[in-house]
Each structure stands twice: as C-alpha cells, then as structure tokens.
>>> print(open('target-v6.pdb').read())   # PDB, C-alpha atoms (C1' of nucleotides)
ATOM      1  CA  MET A 215     243.195 -35.157  63.605
ATOM      2  CA  THR A 216     240.795 -36.962  65.855
ATOM      3  CA  SER A 217     240.435 -35.590  69.366
ATOM      4  CA  LYS A 218     240.734 -37.506  72.589
ATOM      5  CA  GLN A 219     237.097 -36.644  73.277
ATOM      6  CA  GLU A 220     235.988 -38.489  70.164
ATOM      7  CA  PHE A 221     237.825 -41.625  71.244
ATOM      8  CA  ILE A 222     236.148 -41.442  74.633
ATOM      9  CA  GLU A 223     232.755 -41.293  72.956
ATOM     10  CA  LYS A 224     233.615 -44.068  70.541
ATOM     11  CA  LEU A 225     234.615 -46.289  73.447
ATOM     12  CA  ARG A 226     231.561 -45.399  75.545
ATOM     13  CA  ASN A 227     229.269 -46.040  72.598
ATOM     14  CA  SER A 228     230.583 -49.563  72.324
ATOM     15  CA  SER A 229     230.367 -50.070  76.107
ATOM     16  CA  LEU A 230     234.100 -50.126  76.566
ATOM     17  CA  ARG A 231     235.293 -48.039  79.490
ATOM     18  CA  PRO A 232     237.454 -45.164  78.293
ATOM     19  CA  THR A 233     240.572 -45.791  80.358
ATOM     20  CA  LYS A 234     243.741 -43.807  79.708
ATOM     21  CA  GLN A 235     245.412 -46.946  78.385
ATOM     22  CA  ARG A 236     242.701 -47.423  75.791
ATOM     23  CA  ILE A 237     242.716 -43.788  74.777
ATOM     24  CA  ASN A 238     246.460 -43.997  74.200
ATOM     25  CA  ILE A 239     245.990 -47.089  72.110
ATOM     26  CA  CYS A 240     243.283 -45.319  70.080
ATOM     27  CA  GLU A 241     245.611 -42.406  69.428
ATOM     28  CA  VAL A 242     248.206 -44.702  67.954
ATOM     29  CA  LEU A 243     245.776 -46.862  66.004
ATOM     30  CA  PHE A 244     243.173 -44.475  64.677
ATOM     31  CA  ASN A 245     244.867 -41.093  64.448
ATOM     32  CA  ARG A 246     246.123 -41.710  60.921
ATOM     33  CA  ASP A 247     245.063 -41.288  57.327
ATOM     34  CA  LYS A 248     246.221 -44.538  55.840
ATOM     35  CA  THR A 249     245.378 -48.072  56.770
ATOM     36  CA  PHE A 250     247.772 -49.525  59.309
ATOM     37  CA  HIS A 251     249.116 -53.074  59.499
ATOM     38  CA  PHE A 252     250.702 -54.052  62.774
ATOM     39  CA  THR A 253     251.616 -56.743  65.255
ATOM     40  CA  ILE A 254     250.984 -56.485  68.998
ATOM     41  CA  ASN A 255     254.643 -55.736  69.445
ATOM     42  CA  ASP A 256     254.675 -52.952  66.865
ATOM     43  CA  LEU A 257     251.758 -51.373  68.667
ATOM     44  CA  PHE A 258     253.317 -51.812  72.101
ATOM     45  CA  ASN A 259     256.474 -50.021  70.984
ATOM     46  CA  LEU A 260     254.593 -47.235  69.217
ATOM     47  CA  ILE A 261     252.562 -46.476  72.333
ATOM     48  CA  LYS A 262     255.710 -45.856  74.315
ATOM     49  CA  ASP A 263     257.174 -43.763  71.497
ATOM     50  CA  LYS A 264     254.151 -41.676  70.609
ATOM     51  CA  THR A 265     252.453 -41.098  73.946
ATOM     52  CA  GLY A 266     255.381 -41.396  76.321
ATOM     53  CA  GLU A 267     253.211 -43.506  78.594
ATOM     54  CA  ASN A 268     253.603 -47.141  79.475
ATOM     55  CA  VAL A 269     250.841 -49.601  78.813
ATOM     56  CA  SER A 270     251.527 -53.197  79.712
ATOM     57  CA  LEU A 271     251.837 -55.714  76.934
ATOM     58  CA  ALA A 272     248.930 -57.703  78.397
ATOM     59  CA  THR A 273     246.717 -54.636  78.148
ATOM     60  CA  VAL A 274     247.678 -54.173  74.525
ATOM     61  CA  TYR A 275     246.575 -57.758  73.912
ATOM     62  CA  ASN A 276     243.344 -57.225  75.834
ATOM     63  CA  THR A 277     242.493 -54.026  74.013
ATOM     64  CA  VAL A 278     243.312 -55.282  70.553
ATOM     65  CA  HIS A 279     241.085 -58.282  71.178
ATOM     66  CA  ALA A 280     238.297 -56.061  72.496
ATOM     67  CA  PHE A 281     238.580 -53.877  69.378
ATOM     68  CA  LEU A 282     238.572 -56.941  67.166
ATOM     69  CA  LYS A 283     235.343 -58.118  68.729
ATOM     70  CA  LYS A 284     233.781 -54.684  68.258
ATOM     71  CA  GLY A 285     234.841 -54.647  64.627
ATOM     72  CA  TYR A 286     237.333 -51.783  64.890
ATOM     73  CA  LEU A 287     240.177 -54.022  63.792
ATOM     74  CA  LYS A 288     240.614 -56.989  61.515
ATOM     75  CA  GLU A 289     242.906 -59.943  61.981
ATOM     76  CA  ILE A 290     244.896 -60.844  58.877
ATOM     77  CA  PRO A 291     245.263 -64.546  58.113
ATOM     78  CA  ILE A 292     248.936 -65.012  57.454
ATOM     79  CA  ASN A 293     251.662 -67.290  58.635
ATOM     80  CA  SER A 294     254.068 -65.381  60.708
ATOM     81  CA  ASN A 295     255.341 -65.924  64.207
ATOM     82  CA  GLN A 296     253.314 -62.884  65.228
ATOM     83  CA  THR A 297     249.676 -62.157  64.483
ATOM     84  CA  TYR A 298     248.986 -59.226  62.160
ATOM     85  CA  PHE A 299     246.093 -56.792  62.455
ATOM     86  CA  ASP A 300     244.654 -54.171  60.145
ATOM     87  CA  THR A 301     242.827 -50.918  60.883
ATOM     88  CA  ASN A 302     241.090 -51.273  57.532
ATOM     89  CA  VAL A 303     237.994 -53.264  58.436
ATOM     90  CA  THR A 304     236.351 -53.135  55.045
ATOM     91  CA  ASP A 305     236.187 -56.281  52.956
ATOM     92  CA  HIS A 306     239.560 -56.530  51.232
ATOM     93  CA  HIS A 307     242.577 -58.732  50.584
ATOM     94  CA  HIS A 308     246.353 -58.695  50.988
ATOM     95  CA  PHE A 309     249.699 -59.046  49.344
ATOM     96  CA  PHE A 310     252.397 -60.381  51.611
ATOM     97  CA  ASP A 311     255.939 -59.607  50.607
ATOM     98  CA  VAL A 312     257.623 -62.694  52.005
ATOM     99  CA  LYS A 313     261.155 -61.294  51.867
ATOM    100  CA  GLU A 314     260.410 -57.965  53.518
ATOM    101  CA  GLU A 315     257.638 -59.375  55.732
ATOM    102  CA  LYS A 316     255.377 -56.526  54.647
ATOM    103  CA  LEU A 317     251.638 -56.455  54.035
ATOM    104  CA  ILE A 318     249.908 -54.431  51.325
ATOM    105  CA  ASP A 319     246.148 -54.003  50.962
ATOM    106  CA  ILE A 320     244.371 -55.117  47.810
ATOM    107  CA  LYS A 321     241.042 -53.401  47.337
ATOM    108  CA  ASN A 322     238.079 -55.657  46.827
ATOM    109  CA  GLU A 323     237.567 -54.122  43.382
ATOM    110  CA  ASP A 324     241.059 -55.224  42.364
ATOM    111  CA  VAL A 325     240.145 -58.858  42.819
ATOM    112  CA  GLY A 326     237.672 -60.487  40.466
ATOM    113  CA  PRO A 327     234.632 -62.162  42.026
ATOM    114  CA  ILE A 328     235.552 -65.339  43.877
ATOM    115  CA  GLU A 329     233.224 -68.241  43.311
ATOM    116  CA  ILE A 330     233.264 -71.061  45.823
ATOM    117  CA  GLN A 331     231.610 -74.066  44.196
ATOM    118  CA  LYS A 332     231.571 -76.191  47.290
ATOM    119  CA  SER A 333     229.486 -75.914  50.425
ATOM    120  CA  ILE A 334     229.457 -77.513  53.829
ATOM    121  CA  PRO A 335     226.031 -78.612  55.122
ATOM    122  CA  GLY A 336     224.840 -76.575  58.088
ATOM    123  CA  LYS A 337     227.523 -73.927  57.634
ATOM    124  CA  LYS A 338     227.466 -70.616  55.877
ATOM    125  CA  ILE A 339     230.249 -68.458  54.573
ATOM    126  CA  LYS A 340     231.352 -65.757  56.972
ATOM    127  CA  SER A 341     234.207 -64.302  54.958
ATOM    128  CA  VAL A 342     236.413 -64.950  51.938
ATOM    129  CA  GLU A 343     239.960 -63.715  52.159
ATOM    130  CA  VAL A 344     242.714 -63.891  49.593
ATOM    131  CA  LEU A 345     246.392 -63.841  50.464
ATOM    132  CA  VAL A 346     248.795 -63.257  47.591
ATOM    133  CA  LYS A 347     252.381 -64.042  48.443
ATOM    134  CA  LEU A 348     255.016 -62.022  46.593
ATOM    135  CA  GLU A 349     258.592 -62.877  45.712
ATOM    136  CA  ASP A 350     261.324 -61.033  43.829
TER     137      ASP A 350
ATOM    138  CA  MET B 171     250.862 -98.734  53.252
ATOM    139  CA  THR B 172     254.215 -97.147  52.661
ATOM    140  CA  SER B 173     257.229 -98.994  54.033
ATOM    141  CA  LYS B 174     259.917 -97.631  56.276
ATOM    142  CA  GLN B 175     262.397 -98.314  53.483
ATOM    143  CA  GLU B 176     260.560 -95.953  51.168
ATOM    144  CA  PHE B 177     260.723 -93.170  53.728
ATOM    145  CA  ILE B 178     264.442 -93.736  54.114
ATOM    146  CA  GLU B 179     264.886 -93.384  50.370
ATOM    147  CA  LYS B 180     262.647 -90.351  50.206
ATOM    148  CA  LEU B 181     264.711 -88.687  52.895
ATOM    149  CA  ARG B 182     268.056 -89.630  51.332
ATOM    150  CA  ASN B 183     266.903 -88.409  47.942
ATOM    151  CA  SER B 184     266.258 -84.973  49.384
ATOM    152  CA  SER B 185     269.561 -85.016  51.282
ATOM    153  CA  LEU B 186     267.939 -85.333  54.663
ATOM    154  CA  ARG B 187     269.517 -87.936  56.913
ATOM    155  CA  PRO B 188     267.107 -90.743  57.671
ATOM    156  CA  THR B 189     267.198 -90.651  61.462
ATOM    157  CA  LYS B 190     264.754 -92.724  63.484
ATOM    158  CA  GLN B 191     263.016 -89.549  64.617
ATOM    159  CA  ARG B 192     262.372 -88.494  61.042
ATOM    160  CA  ILE B 193     261.202 -91.935  60.005
ATOM    161  CA  ASN B 194     258.706 -91.921  62.863
ATOM    162  CA  ILE B 195     257.481 -88.519  61.790
ATOM    163  CA  CYS B 196     257.112 -89.747  58.210
ATOM    164  CA  GLU B 197     255.051 -92.711  59.381
ATOM    165  CA  VAL B 198     252.605 -90.405  61.098
ATOM    166  CA  LEU B 199     252.484 -87.816  58.337
ATOM    167  CA  PHE B 200     252.582 -89.759  55.120
ATOM    168  CA  ASN B 201     251.195 -93.194  55.941
ATOM    169  CA  ARG B 202     247.615 -92.173  55.206
ATOM    170  CA  ASP B 203     245.144 -91.955  52.371
ATOM    171  CA  LYS B 204     243.555 -88.616  53.026
ATOM    172  CA  THR B 205     245.092 -85.187  53.307
ATOM    173  CA  PHE B 206     246.028 -84.338  56.860
ATOM    174  CA  HIS B 207     245.779 -80.959  58.586
ATOM    175  CA  PHE B 208     247.737 -80.596  61.783
ATOM    176  CA  THR B 209     249.538 -78.386  64.244
ATOM    177  CA  ILE B 210     252.988 -79.152  65.657
ATOM    178  CA  ASN B 211     251.305 -80.234  68.860
ATOM    179  CA  ASP B 212     248.893 -82.591  67.113
ATOM    180  CA  LEU B 213     251.844 -84.203  65.409
ATOM    181  CA  PHE B 214     253.915 -84.400  68.591
ATOM    182  CA  ASN B 215     251.107 -86.237  70.391
ATOM    183  CA  LEU B 216     250.412 -88.569  67.480
ATOM    184  CA  ILE B 217     254.039 -89.641  67.311
ATOM    185  CA  LYS B 218     253.949 -90.777  70.915
ATOM    186  CA  ASP B 219     250.602 -92.522  70.363
ATOM    187  CA  LYS B 220     251.322 -94.222  67.072
ATOM    188  CA  THR B 221     254.991 -95.159  67.319
ATOM    189  CA  GLY B 222     255.410 -95.425  71.072
ATOM    190  CA  GLU B 223     258.675 -93.528  70.762
ATOM    191  CA  ASN B 224     259.507 -90.097  72.051
ATOM    192  CA  VAL B 225     260.662 -87.379  69.739
ATOM    193  CA  SER B 226     261.355 -84.014  71.315
ATOM    194  CA  LEU B 227     259.077 -81.140  70.444
ATOM    195  CA  ALA B 228     262.024 -79.194  69.041
ATOM    196  CA  THR B 229     262.778 -82.029  66.649
ATOM    197  CA  VAL B 230     259.183 -82.013  65.473
ATOM    198  CA  TYR B 231     259.583 -78.298  64.734
ATOM    199  CA  ASN B 232     262.893 -78.880  62.961
ATOM    200  CA  THR B 233     261.565 -81.685  60.847
ATOM    201  CA  VAL B 234     258.337 -79.991  59.883
ATOM    202  CA  HIS B 235     260.322 -76.970  58.783
ATOM    203  CA  ALA B 236     262.731 -79.147  56.831
ATOM    204  CA  PHE B 237     259.795 -80.864  55.102
ATOM    205  CA  LEU B 238     258.211 -77.502  54.377
ATOM    206  CA  LYS B 239     261.373 -76.337  52.654
ATOM    207  CA  LYS B 240     261.552 -79.545  50.616
ATOM    208  CA  GLY B 241     257.929 -79.110  49.572
ATOM    209  CA  TYR B 242     256.543 -82.155  51.379
ATOM    210  CA  LEU B 243     254.279 -79.984  53.512
ATOM    211  CA  LYS B 244     252.386 -76.741  53.098
ATOM    212  CA  GLU B 245     251.805 -74.072  55.700
ATOM    213  CA  ILE B 246     248.199 -72.878  55.861
ATOM    214  CA  PRO B 247     247.685 -69.142  56.326
ATOM    215  CA  ILE B 248     245.206 -68.883  59.142
ATOM    216  CA  ASN B 249     244.929 -67.027  62.373
ATOM    217  CA  SER B 250     245.216 -69.367  65.237
ATOM    218  CA  ASN B 251     247.535 -69.441  68.187
ATOM    219  CA  GLN B 252     249.172 -72.445  66.553
ATOM    220  CA  THR B 253     250.419 -72.774  62.999
ATOM    221  CA  TYR B 254     248.603 -75.268  60.778
ATOM    222  CA  PHE B 255     250.187 -77.490  58.164
ATOM    223  CA  ASP B 256     248.827 -79.641  55.356
ATOM    224  CA  THR B 257     250.142 -82.815  53.750
ATOM    225  CA  ASN B 258     248.308 -81.827  50.573
ATOM    226  CA  VAL B 259     250.931 -79.764  48.759
ATOM    227  CA  THR B 260     248.973 -79.253  45.569
ATOM    228  CA  ASP B 261     247.595 -75.813  44.789
ATOM    229  CA  HIS B 262     244.348 -75.567  46.762
ATOM    230  CA  HIS B 263     242.360 -73.523  49.261
ATOM    231  CA  HIS B 264     240.649 -73.915  52.632
ATOM    232  CA  PHE B 265     237.498 -73.606  54.605
ATOM    233  CA  PHE B 266     238.028 -72.839  58.256
ATOM    234  CA  ASP B 267     235.214 -73.742  60.586
ATOM    235  CA  VAL B 268     235.724 -71.050  63.187
ATOM    236  CA  LYS B 269     233.583 -72.698  65.853
ATOM    237  CA  GLU B 270     235.090 -76.149  65.612
ATOM    238  CA  GLU B 271     238.566 -74.870  64.677
ATOM    239  CA  LYS B 272     238.656 -77.323  61.797
ATOM    240  CA  LEU B 273     240.143 -77.018  58.325
ATOM    241  CA  ILE B 274     238.649 -78.463  55.156
ATOM    242  CA  ASP B 275     240.348 -78.530  51.749
ATOM    243  CA  ILE B 276     238.776 -76.815  48.761
ATOM    244  CA  LYS B 277     240.053 -78.174  45.472
ATOM    245  CA  ASN B 278     241.409 -75.636  43.068
ATOM    246  CA  GLU B 279     238.667 -76.598  40.582
ATOM    247  CA  ASP B 280     236.030 -75.629  43.141
ATOM    248  CA  VAL B 281     237.209 -72.036  43.146
ATOM    249  CA  GLY B 282     236.723 -69.901  40.068
ATOM    250  CA  PRO B 283     239.821 -68.238  38.619
ATOM    251  CA  ILE B 284     241.118 -65.436  40.823
ATOM    252  CA  GLU B 285     242.148 -62.308  39.011
ATOM    253  CA  ILE B 286     244.453 -59.919  40.784
ATOM    254  CA  GLN B 287     244.227 -56.577  38.994
ATOM    255  CA  LYS B 288     247.006 -54.939  40.918
ATOM    256  CA  SER B 289     250.723 -55.497  40.774
ATOM    257  CA  ILE B 290     253.715 -54.410  42.793
ATOM    258  CA  PRO B 291     256.737 -53.249  40.778
ATOM    259  CA  GLY B 292     259.702 -55.586  41.057
ATOM    260  CA  LYS B 293     257.659 -58.354  42.635
ATOM    261  CA  LYS B 294     255.941 -61.350  41.170
ATOM    262  CA  ILE B 295     253.168 -63.523  42.490
ATOM    263  CA  LYS B 296     254.365 -66.630  44.285
ATOM    264  CA  SER B 297     251.015 -68.003  45.402
ATOM    265  CA  VAL B 298     247.359 -67.091  45.734
ATOM    266  CA  GLU B 299     245.509 -68.647  48.629
ATOM    267  CA  VAL B 300     241.893 -68.308  49.621
ATOM    268  CA  LEU B 301     240.625 -68.791  53.151
ATOM    269  CA  VAL B 302     236.861 -69.122  53.555
ATOM    270  CA  LYS B 303     235.704 -68.778  57.127
ATOM    271  CA  LEU B 304     232.552 -70.687  58.045
ATOM    272  CA  GLU B 305     229.946 -70.008  60.709
ATOM    273  CA  ASP B 306     226.728 -71.762  61.709
TER     274      ASP B 306
ATOM    275  C1'  DC C  54     286.067-103.078  56.959
ATOM    276  C1'  DT C  55     287.448 -99.646  60.904
ATOM    277  C1'  DT C  56     288.657 -94.962  62.116
ATOM    278  C1'  DT C  57     288.372 -90.225  61.608
ATOM    279  C1'  DA C  58     286.784 -85.698  60.416
ATOM    280  C1'  DA C  59     283.207 -82.912  58.623
ATOM    281  C1'  DT C  60     278.684 -81.916  58.871
ATOM    282  C1'  DA C  61     273.802 -82.661  60.079
ATOM    283  C1'  DT C  62     270.611 -83.537  63.652
ATOM    284  C1'  DT C  63     268.731 -83.758  68.230
ATOM    285  C1'  DA C  64     266.918 -82.048  72.398
ATOM    286  C1'  DT C  65     267.788 -79.103  76.376
ATOM    287  C1'  DA C  66     267.693 -74.616  77.552
ATOM    288  C1'  DA C  67     266.519 -69.982  76.348
ATOM    289  C1'  DT C  68     263.533 -66.867  74.302
ATOM    290  C1'  DT C  69     259.350 -64.969  72.606
ATOM    291  C1'  DA C  70     254.243 -64.863  72.279
ATOM    292  C1'  DT C  71     250.032 -65.162  74.570
ATOM    293  C1'  DT C  72     246.768 -65.898  78.382
ATOM    294  C1'  DC C  73     245.235 -66.099  83.326
ATOM    295  C1'  DT C  74     243.886 -63.948  87.461
ATOM    296  C1'  DA C  75     244.376 -61.157  91.706
ATOM    297  C1'  DA C  76     244.421 -56.354  92.548
ATOM    298  C1'  DT C  77     242.678 -52.075  90.961
ATOM    299  C1'  DC C  78     239.761 -48.856  88.676
ATOM    300  C1'  DT C  79     235.244 -47.247  86.665
ATOM    301  C1'  DC C  80     230.597 -46.580  86.881
ATOM    302  C1'  DT C  81     225.943 -46.982  88.544
ATOM    303  C1'  DT C  82     222.872 -46.659  92.294
ATOM    304  C1'  DT C  83     221.733 -44.715  96.180
TER     305       DT C  83
ATOM    306  C1'  DA D   1     229.801 -38.665  98.544
ATOM    307  C1'  DA D   2     229.950 -43.815  99.409
ATOM    308  C1'  DA D   3     229.413 -48.520  98.253
ATOM    309  C1'  DG D   4     228.719 -52.543  95.452
ATOM    310  C1'  DA D   5     228.997 -54.678  90.964
ATOM    311  C1'  DG D   6     231.409 -55.440  87.264
ATOM    312  C1'  DA D   7     235.191 -54.215  83.949
ATOM    313  C1'  DT D   8     240.020 -53.450  83.306
ATOM    314  C1'  DT D   9     244.906 -53.648  84.208
ATOM    315  C1'  DA D  10     249.343 -55.725  84.562
ATOM    316  C1'  DG D  11     252.343 -59.083  86.909
ATOM    317  C1'  DA D  12     252.835 -63.809  86.887
ATOM    318  C1'  DA D  13     252.077 -68.106  84.557
ATOM    319  C1'  DT D  14     251.790 -70.751  80.522
ATOM    320  C1'  DA D  15     252.366 -71.912  75.701
ATOM    321  C1'  DA D  16     254.788 -71.560  71.304
ATOM    322  C1'  DT D  17     258.988 -71.272  68.982
ATOM    323  C1'  DT D  18     264.011 -70.891  68.310
ATOM    324  C1'  DA D  19     269.104 -71.139  69.454
ATOM    325  C1'  DT D  20     272.903 -73.888  70.561
ATOM    326  C1'  DA D  21     275.780 -77.394  72.898
ATOM    327  C1'  DA D  22     275.989 -82.287  72.711
ATOM    328  C1'  DT D  23     275.311 -86.266  69.857
ATOM    329  C1'  DA D  24     274.671 -88.939  65.654
ATOM    330  C1'  DT D  25     275.382 -89.759  60.707
ATOM    331  C1'  DT D  26     278.040 -90.111  56.733
ATOM    332  C1'  DA D  27     281.793 -89.841  53.516
ATOM    333  C1'  DA D  28     286.653 -90.369  52.927
ATOM    334  C1'  DA D  29     291.069 -92.370  54.195
ATOM    335  C1'  DG D  30     293.702 -95.925  55.775
TER     336       DG D  30
END
>>> encode(input="target-v6.pdb", output="structure tokens")
Amino acid sequence: MTSKQEFIEKLRNSSLRPTKQRINICEVLFNRDKTFHFTINDLFNLIKDKTGENVSLATVYNTVHAFLKKGYLKEIPINSNQTYFDTNVTDHHHFFDVKEEKLIDIKNEDVGPIEIQKSIPGKKIKSVEVLVKLED
Amino acid sequence: MTSKQEFIEKLRNSSLRPTKQRINICEVLFNRDKTFHFTINDLFNLIKDKTGENVSLATVYNTVHAFLKKGYLKEIPINSNQTYFDTNVTDHHHFFDVKEEKLIDIKNEDVGPIEIQKSIPGKKIKSVEVLVKLED
DNA sequence: CTTTAATATTATAATTATTCTAATCTCTTT
DNA sequence: AAAGAGATTAGAATAATTATAATATTAAAG
C-alpha cells in the first residue's frame, strides 16, 4: 500500500505538480502488486469507480502522456482501436490474445537474444519489442 | 505494370466484387515495385492524386479491411495515432524511425531466430513480430 | 438477352478517440 | 499575504473509425 504522500513526492520529484487529479490517477495506476495493462478508457472508468471522483477524459490523456514522458508508463505497440499502456516499464515483451483482446507480459529472459543484422546509417536502436499474437 | 484486368480477376478470385472504387485502390496499392507502408489517410489522398477519382474515406477503410482479411495487406503493430499497413505480406519485421515517423522493412533473414520460452495453455502462436525503434 | 431478387458495396451520418486552448490552479518570489 | 509566471484542467474542437440506409453488382429465371 503506497500512501498519498508518496505519490505527492514522486510527482514533485519529477517536477509534475501534485494535483488531486494526478494523485487519483496514481492511486489507480500504481497502488497494485502486479503489472497493469490498460487503455485510456479503462483508466478513466477505474478512476470513477475507485476514487469516486471525476477526472475529465482529457486530463487522463494529459497525465498518461506526462507519465509516459517521465518513464512511469510504457506504450505497447499493438494494433487496436485504442492505445494500450503498461505500468511495467522494464524491458520486456508481450503476448496478445487476439480473440480476448488481452495482453500478457513476457519477461525479457523468456525471449532469446534478438539479433538485428541490419542498420540504418545515422540512426541507433532505441528499443526492440516483440509482439507475439496468440490464437486458439 | 499490372493491368486493370488483372486486378479485376484478382478481386473476383477472392470473391470481392470488382467495383471501380476497388480497382482504383488496387492501382494505388499494388501497381508498384517496392513494398509500400501507408495509413488510411495516405491512401485516401493518393487515390485522389493518382486516379483523379473520388473514393469516400469509409470505402477506403472497408476495402483495406477486406484486403487485410484476404491476406493482401498486413497491419503493422506500432503506436501511432493512425494505423499503418504494409503491402509486403511476407513474414518480416520493422524499424520505426520515431523522429521522422517512417517505417522500414527488416527481412526475416536479418533477424536471428526468436525463441519464446513461455507458452499459454490452450493458445498457439499465430505470429511473432519485432518492432525496432530508431533514434538519432 | 432482359428482368428480378438476393446480396455485396458504397458513402453519409453517427460514434469514438484524441488534441487544442481558454479558464483555472499551483507555486515561487516578494 | 499578494501577485506574476507558468503549469494544469476540462470543455470544445478535431480526427479516426464504424454503422447503416441507399445504391450497385451479380446470379438465376424467364
């Protein structure tokens, strides 16, 4: 259980103002044991449910993007009508269950080393992400 | 140079009616040497430019989705506000130049074998796709 | 060959996802 | 405490995608 005070510090330390909207969003996102995969809409609904307070959808977008930039969230490359995010910001990969539209983490250790034998002049590799689509 | 007649046959053979809208879309998509990465909007604009005819945006969506289902196009898993597609339907991977928002194919041979040492009961692997993000 | 009926396709209209910006809040400086 | 500077919020606007009524295509019958 992380306290509200810790979220306030976390926000201040990354020069994000600790507004009540952001603290509510932190409660929903980071007050959990397991990694959490979500869309903006999932998060929006959970905020209402869990905190009883209303945060506008635009603010959820703003905050998620601010957290992304600070490295508190990761965007998951997947084709869906909605963008998926992950609270697990370590280097890892994903299964995507196409039928159930569900994401599952794959630890980096569970994927053999990936060798890219091609390079683009003037560019360097920022990240390598694997998406494994699952069917029945 | 592929002829209009060939597109008509291709469409008929996959039980898609060869409407003039679809033929125009085929001209833009498949009348080229190199693989082509595009968004629905790119395609919509190219149709107007290249054929001089107007096809509604909704029809572009419909047709791209029909072609996807028939296996004539591939959807590229990437996080962008718009969905990207590829005329290269062989098994391959992508670089994504984050700054320029540009996709580059990586041939399957240029990526070492990818071993997934985790499995999900009752599910089998449908595809494995690698996205390599590039920065300067 | 037409005509007709069944079905597929198109494109407008509706919906959903995301971003823009004026009003508001937070924080620093005094 | 008050004010100014800048950050944040949320309503309004825009952009992306989908649903459906109107239209077009095709196969079958005459």
>>> atom_distance(input="target-v6.pdb", atom1="atom CA of Ile261 of chain A", atom2="atom C1' of DT74 of chain C")
24.7 Å
>>> residues_around(input="target-v6.pdb", residues="Ser184 of chain B", least_positions_apart="3", cutoff="12 Å", atoms="only C-alpha atoms (C1' of nucleotides)", output="list of chain:residue names")
B:Phe177, B:Ile178, B:Glu179, B:Lys180, B:Leu181, B:Arg187, B:Pro188, B:Ala236, B:Phe237, B:Lys239, B:Lys240, B:Gly241, B:Tyr242
>>> atom_distance(input="target-v6.pdb", atom1="atom C1' of DG4 of chain D", atom2="atom CA of Leu230 of chain A")
19.8 Å
>>> interface_residues(input="target-v6.pdb", of="chain A", to="chain C", cutoff="12 Å", atoms="all atoms listed in the file", output="number ranges by chain")
A: 226, 229-235, 253-255, 271-276, 279, 294-297
>>> resolve_selection(input="target-v6.pdb", expression="the PyMOL selection byres ((chain B and resi 201) around 10)", output="list in words")
Met171, Thr172, Ser173, Lys174, Phe177, Ile195, Cys196, Glu197, Val198, Leu199, Phe200, Arg202, Asp203 and Lys204 of chain B
>>> interface_residues(input="target-v6.pdb", of="chain D", to="chain B", cutoff="10 Å", atoms="only C-alpha atoms (C1' of nucleotides)", output="PDB file with C-alpha atoms (C1' of nucleotides), keeping the file's coordinate frame")
ATOM      1  C1'  DA D  15     252.366 -71.912  75.701  1.00  0.00           C
ATOM      2  C1'  DA D  16     254.788 -71.560  71.304  1.00  0.00           C
ATOM      3  C1'  DT D  17     258.988 -71.272  68.982  1.00  0.00           C
ATOM      4  C1'  DT D  18     264.011 -70.891  68.310  1.00  0.00           C
ATOM      5  C1'  DA D  24     274.671 -88.939  65.654  1.00  0.00           C
ATOM      6  C1'  DT D  25     275.382 -89.759  60.707  1.00  0.00           C
ATOM      7  C1'  DT D  26     278.040 -90.111  56.733  1.00  0.00           C
TER       8       DT D  26
END
>>> atom_distance(input="target-v6.pdb", atom1="atom CA of Val300 of chain B", atom2="atom CA of Glu323 of chain A")
16.1 Å
>>> closest_residue(input="target-v6.pdb", among="A:Glu315, A:Asp263, A:Glu289, A:Asp300", to="chain B", atoms="only C-alpha atoms")
A:Glu289
>>> resolve_selection(input="target-v6.pdb", expression="the PyMOL selection byres ((chain B) within 8 of (chain A))", output="MDAnalysis selection string")
chainID B and resid 245:249 253 276 280:288 292:306
